[in-house]
Amino acid sequence: MQRSKYVAIAFTAVAALTLSACSSAAPETSASNSATADYELAKAGTLQLLVNSDAAPFASVNDDGEFEGFDVQMLTEITDRLGLQLDIKTQEFDTILPSVAVGQADAAASSIADTDERRETVSFSLPTYTGVMSITVPTESKIEDAKDLDGKRVGVKSASRNAEYAEQYFTDSEIIYFPAEAPMFNALEGGTIDAGFFDGQAADKYVQQYEVKVAFSAVNDDNRGAAIVLRPESDKLRADINKTLREMLADGTYEEIFTKWVTTEDVQPQLDFLSGYYEKFPKDSYPND
Amino acid sequence: MNDFINMFFNIELITKVLPDLVGVGLMNTLILAVSATAIALAFGIVIAMALISRHRWLNWPARIYVDLLRGLPVILTIFLIGQGLPYMGVQPFGPSAYPYGIISLGLIGAAYMAEIFRSGIQSIHHGQLEAARALGMPYTTSMAMIVVPQGIRNVFPALTNQFIGIVKDTSLVYVLGLAVGERELYRIGQDMSQRVGNLSPLVAAGIVYLIITVPLTYYVNWLDNRLRTGRVPVIVEEPATKAIASEGAKA
């Protein structure tokens, strides 16, 4: 297996050399080669992608040990269209952005929010998703709206969009920070927090399986959604990915992928958000750029 | 190289996170570590006595306790105790994560410290116990007054190591969920690090850990040395010798 791969690479190299050396087709070939070369990927021709595999349905590892999910399939489709190989690794969220920033990987995707602070070190593609945030409470809880949260212990995942929102709007609640959603849910079940502020996705997953309900949901108006994380200097790659995202939204591929993976959410609000956003920013510069 | 410096040693971010680290994180880390160590010391010595006991009903449970709590990853034990107790409806300390974290770290520390105490106590020559017994002291008194104090003195540096270990393990209490004012050093560094996608705040947290652990190590080594050798006797120079010496210098 390994050997045949080397042979194939060697063959390609020889073929490329021969072509560029003596054939009249050479200019075209080298042009397409240099197109992928311009991406300045860590490994030429391969997009090295980091995901946090604790982020189903966006990215997770299935029973066969393969990566799957909305973000995984989006990136598979994008790299296919750009003629790149895709190489996926999983990593804790803590180190994902730094790894991309220093060039250990080319991209990252796991429903990662595009924020000003993060743009100091990495860049983002156009958004691929915007989430609702759901206050999740035990079924017997009397919490119904934001006012009921005053003086209550509200769990959030550290450094998430939900955390930012909670800090801004639930000022009279005691906000409790968790490293991930699973321990936060355990704490909700154990009764050490009164409510958990989950992504709509995660909340739906828990509501289906446990004695909890969504008290109310919120959407952050000034959010830019979740996007693919890229190295700051990868302008060409970003432009091409954005172009592909626009195509995928237009030709229905996005809708297909979204409905396949995100089964608990209606696709229409996503389509509205994305087409609105893509139209508002027709170039590759985004708000606050 | 510039990228590297910016990623790990961004002065602007370090100075931004430092007030929180020192003002909030340092205190919380010390509260967690010192309380857990107190539990670990008290409980550890009890377990150690059970470990060296000849009664199997003392010895075996102690053995199992040490094997279990030393064998499990710290984060797993914190999770099991800190989420397990409230889950079972046992919430004697309210919802805050601190008491559970302290108990978890204390119980884990006790397992390690029990072994340290045991080795220390067993390192004391049995002649000490025999001599005490021969003088008519009961077993428990001879252990408490003669053997154990000498044993503890021998393992003082090892106990400090354990304390340093606990200081570092306090970062794991975070899995139980912390309020803003409850965050310890690592958490504060990591929170900002996640927000800005840069590792400098974590480096800053690391520096504060070193400020606790390194001087402590040197202080304990110094103290240990002094306990071994006693105070360095002040050498009083004899006036006569001094006089001769100064005469010699003149000449």
# chains A, B, ... in the order shown; residues from 1 in each chain; ligands from 1
>>> closest_atom_pairs(of="chain A", to="chain B", cutoff="6 Å", atoms="only C-alpha atoms", output="CSV")
residue,atom,partner,partner_atom,distance
A:Asp94,CA,B:Gln194,CA,5.8
A:Leu97,CA,B:Gly197,CA,5.1
A:Pro98,CA,B:Gly197,CA,5.4
A:Glu117,CA,B:Val196,CA,5.0
A:Arg118,CA,B:Val196,CA,4.7
A:Ala159,CA,B:Arg195,CA,5.5
A:Ile175,CA,B:Ala179,CA,5.7
A:Ile176,CA,B:Ala179,CA,4.2
A:Tyr177,CA,B:Gly177,CA,5.1
A:Phe178,CA,B:Gly177,CA,4.6
A:Gly190,CA,B:Tyr87,CA,4.0
A:Thr192,CA,B:Pro95,CA,4.4
>>> write_last_selection(atoms="C-alpha atoms", output="PDB file, in the first residue's frame")
ATOM      1  CA  ASP A  94      -7.378  24.760  23.233  1.00  0.00           C
ATOM      2  CA  LEU A  97      -6.144  27.961  16.760  1.00  0.00           C
ATOM      3  CA  PRO A  98      -2.481  28.242  17.815  1.00  0.00           C
ATOM      4  CA  GLU A 117      -9.966  38.696  18.878  1.00  0.00           C
ATOM      5  CA  ARG A 118      -9.286  35.486  16.984  1.00  0.00           C
ATOM      6  CA  ALA A 159     -14.506  31.193  25.404  1.00  0.00           C
ATOM      7  CA  ILE A 175     -21.831  32.245  35.194  1.00  0.00           C
ATOM      8  CA  ILE A 176     -20.010  28.956  35.671  1.00  0.00           C
ATOM      9  CA  TYR A 177     -17.336  28.053  33.097  1.00  0.00           C
ATOM     10  CA  PHE A 178     -16.764  24.519  31.827  1.00  0.00           C
ATOM     11  CA  GLY A 190     -26.182  16.640  39.156  1.00  0.00           C
ATOM     12  CA  THR A 192     -24.725  22.007  40.677  1.00  0.00           C
TER      13      THR A 192
END
>>> residues_around(residues="A:Leu41", least_positions_apart="6", cutoff="9 Å", atoms="only C-alpha atoms", output="PDB file with N, CA and C atoms, in the first residue's frame")
ATOM      1  N   LEU A  47      -4.462  19.586   2.022  1.00  0.00           N
ATOM      2  CA  LEU A  47      -4.936  20.510   3.047  1.00  0.00           C
ATOM      3  C   LEU A  47      -4.966  19.752   4.374  1.00  0.00           C
ATOM      4  N   GLN A  48      -4.158  20.195   5.318  1.00  0.00           N
ATOM      5  CA  GLN A  48      -4.143  19.541   6.623  1.00  0.00           C
ATOM      6  C   GLN A  48      -5.147  20.247   7.531  1.00  0.00           C
ATOM      7  N   GLY A 103       1.202  27.428  11.615  1.00  0.00           N
ATOM      8  CA  GLY A 103       1.408  26.695  10.373  1.00  0.00           C
ATOM      9  C   GLY A 103       1.601  25.195  10.532  1.00  0.00           C
ATOM     10  N   ALA A 105      -0.837  23.270  10.870  1.00  0.00           N
ATOM     11  CA  ALA A 105      -1.939  22.774  10.064  1.00  0.00           C
ATOM     12  C   ALA A 105      -2.393  23.938   9.187  1.00  0.00           C
ATOM     13  N   ASP A 106      -3.129  23.615   8.112  1.00  0.00           N
ATOM     14  CA  ASP A 106      -3.532  24.675   7.192  1.00  0.00           C
ATOM     15  C   ASP A 106      -4.891  25.261   7.543  1.00  0.00           C
ATOM     16  N   SER A 234      -2.860  33.192   4.277  1.00  0.00           N
ATOM     17  CA  SER A 234      -3.291  32.337   3.160  1.00  0.00           C
ATOM     18  C   SER A 234      -4.427  32.991   2.370  1.00  0.00           C
TER      19      SER A 234
END
>>> select_by_dssp(residues="stretch 51-190 of chain A", states="helix (DSSP H, G or I)", output="PyMOL selection string")
chain A and resi 70-82+93-101+116-119+146-149+161-169+181-190
>>> atom_distance(atom1="atom CA of A:Asp172", atom2="atom CA of A:Lys152")
8.1 Å
>>> residues_around(residues="stretch 247-257 of chain A", least_positions_apart="6", cutoff="9 Å", atoms="only C-alpha atoms", output="JSON, numbers by chain")
{"A": [70, 73, 74, 77, 78, 128, 267, 268, 270, 271, 274, 275]}
>>> residues_around(residues="B:Tyr65", least_positions_apart="2", cutoff="12 Å", atoms="only C-alpha atoms", output="JSON, numbers by chain")
{"B": [43, 44, 46, 47, 48, 50, 51, 58, 59, 60, 61, 62, 63, 67, 68, 69, 70, 71, 72, 107, 108, 109, 110, 111, 112, 114, 115]}
>>> write_last_selection(atoms="C-alpha atoms", output="mmCIF file, in the first residue's frame")
data_model
loop_
_atom_site.group_PDB
_atom_site.id
_atom_site.type_symbol
_atom_site.label_atom_id
_atom_site.label_comp_id
_atom_site.auth_asym_id
_atom_site.auth_seq_id
_atom_site.Cartn_x
_atom_site.Cartn_y
_atom_site.Cartn_z
ATOM 1 C CA PHE B 43 -5.512 11.413 56.059
ATOM 2 C CA GLY B 44 -2.178 10.228 54.646
ATOM 3 C CA VAL B 46 -3.706 7.598 59.095
ATOM 4 C CA ILE B 47 -3.462 5.468 55.954
ATOM 5 C CA ALA B 48 0.270 5.065 56.512
ATOM 6 C CA ALA B 50 -2.838 1.273 58.562
ATOM 7 C CA LEU B 51 -0.364 0.260 55.867
ATOM 8 C CA LEU B 58 -6.496 -2.294 58.596
ATOM 9 C CA ASN B 59 -3.798 -3.261 56.163
ATOM 10 C CA TRP B 60 -5.870 -4.503 53.228
ATOM 11 C CA PRO B 61 -8.338 -1.628 52.920
ATOM 12 C CA ALA B 62 -5.432 0.807 53.137
ATOM 13 C CA ARG B 63 -3.572 -1.111 50.430
ATOM 14 C CA ASP B 67 -3.643 1.279 44.787
ATOM 15 C CA LEU B 68 -6.911 2.723 43.505
ATOM 16 C CA LEU B 69 -6.280 6.408 44.058
ATOM 17 C CA ARG B 70 -2.665 6.269 42.937
ATOM 18 C CA GLY B 71 -3.604 4.227 39.908
ATOM 19 C CA LEU B 72 -6.339 6.426 38.476
ATOM 20 C CA LEU B 107 -7.869 12.044 48.860
ATOM 21 C CA ILE B 108 -5.520 11.473 45.923
ATOM 22 C CA GLY B 109 -2.725 13.278 47.750
ATOM 23 C CA ALA B 110 -3.398 11.121 50.828
ATOM 24 C CA ALA B 111 -2.685 7.968 48.818
ATOM 25 C CA TYR B 112 0.717 9.280 47.732
ATOM 26 C CA ALA B 114 0.624 7.512 52.877
ATOM 27 C CA GLU B 115 3.334 5.745 50.896
#
>>> closest_residue(among="A:Asp266, A:Asp284, A:Glu211, A:Asp204", to="A:Asn242", atoms="only C-alpha atoms")
A:Asp284
>>> residues_around(residues="stretch 31-39 of chain B", least_positions_apart="4", cutoff="12 Å", atoms="only C-alpha atoms", output="PyMOL selection string")
chain B and resi 24-27+43-47+97-114+159-174+182-185+209+212-213
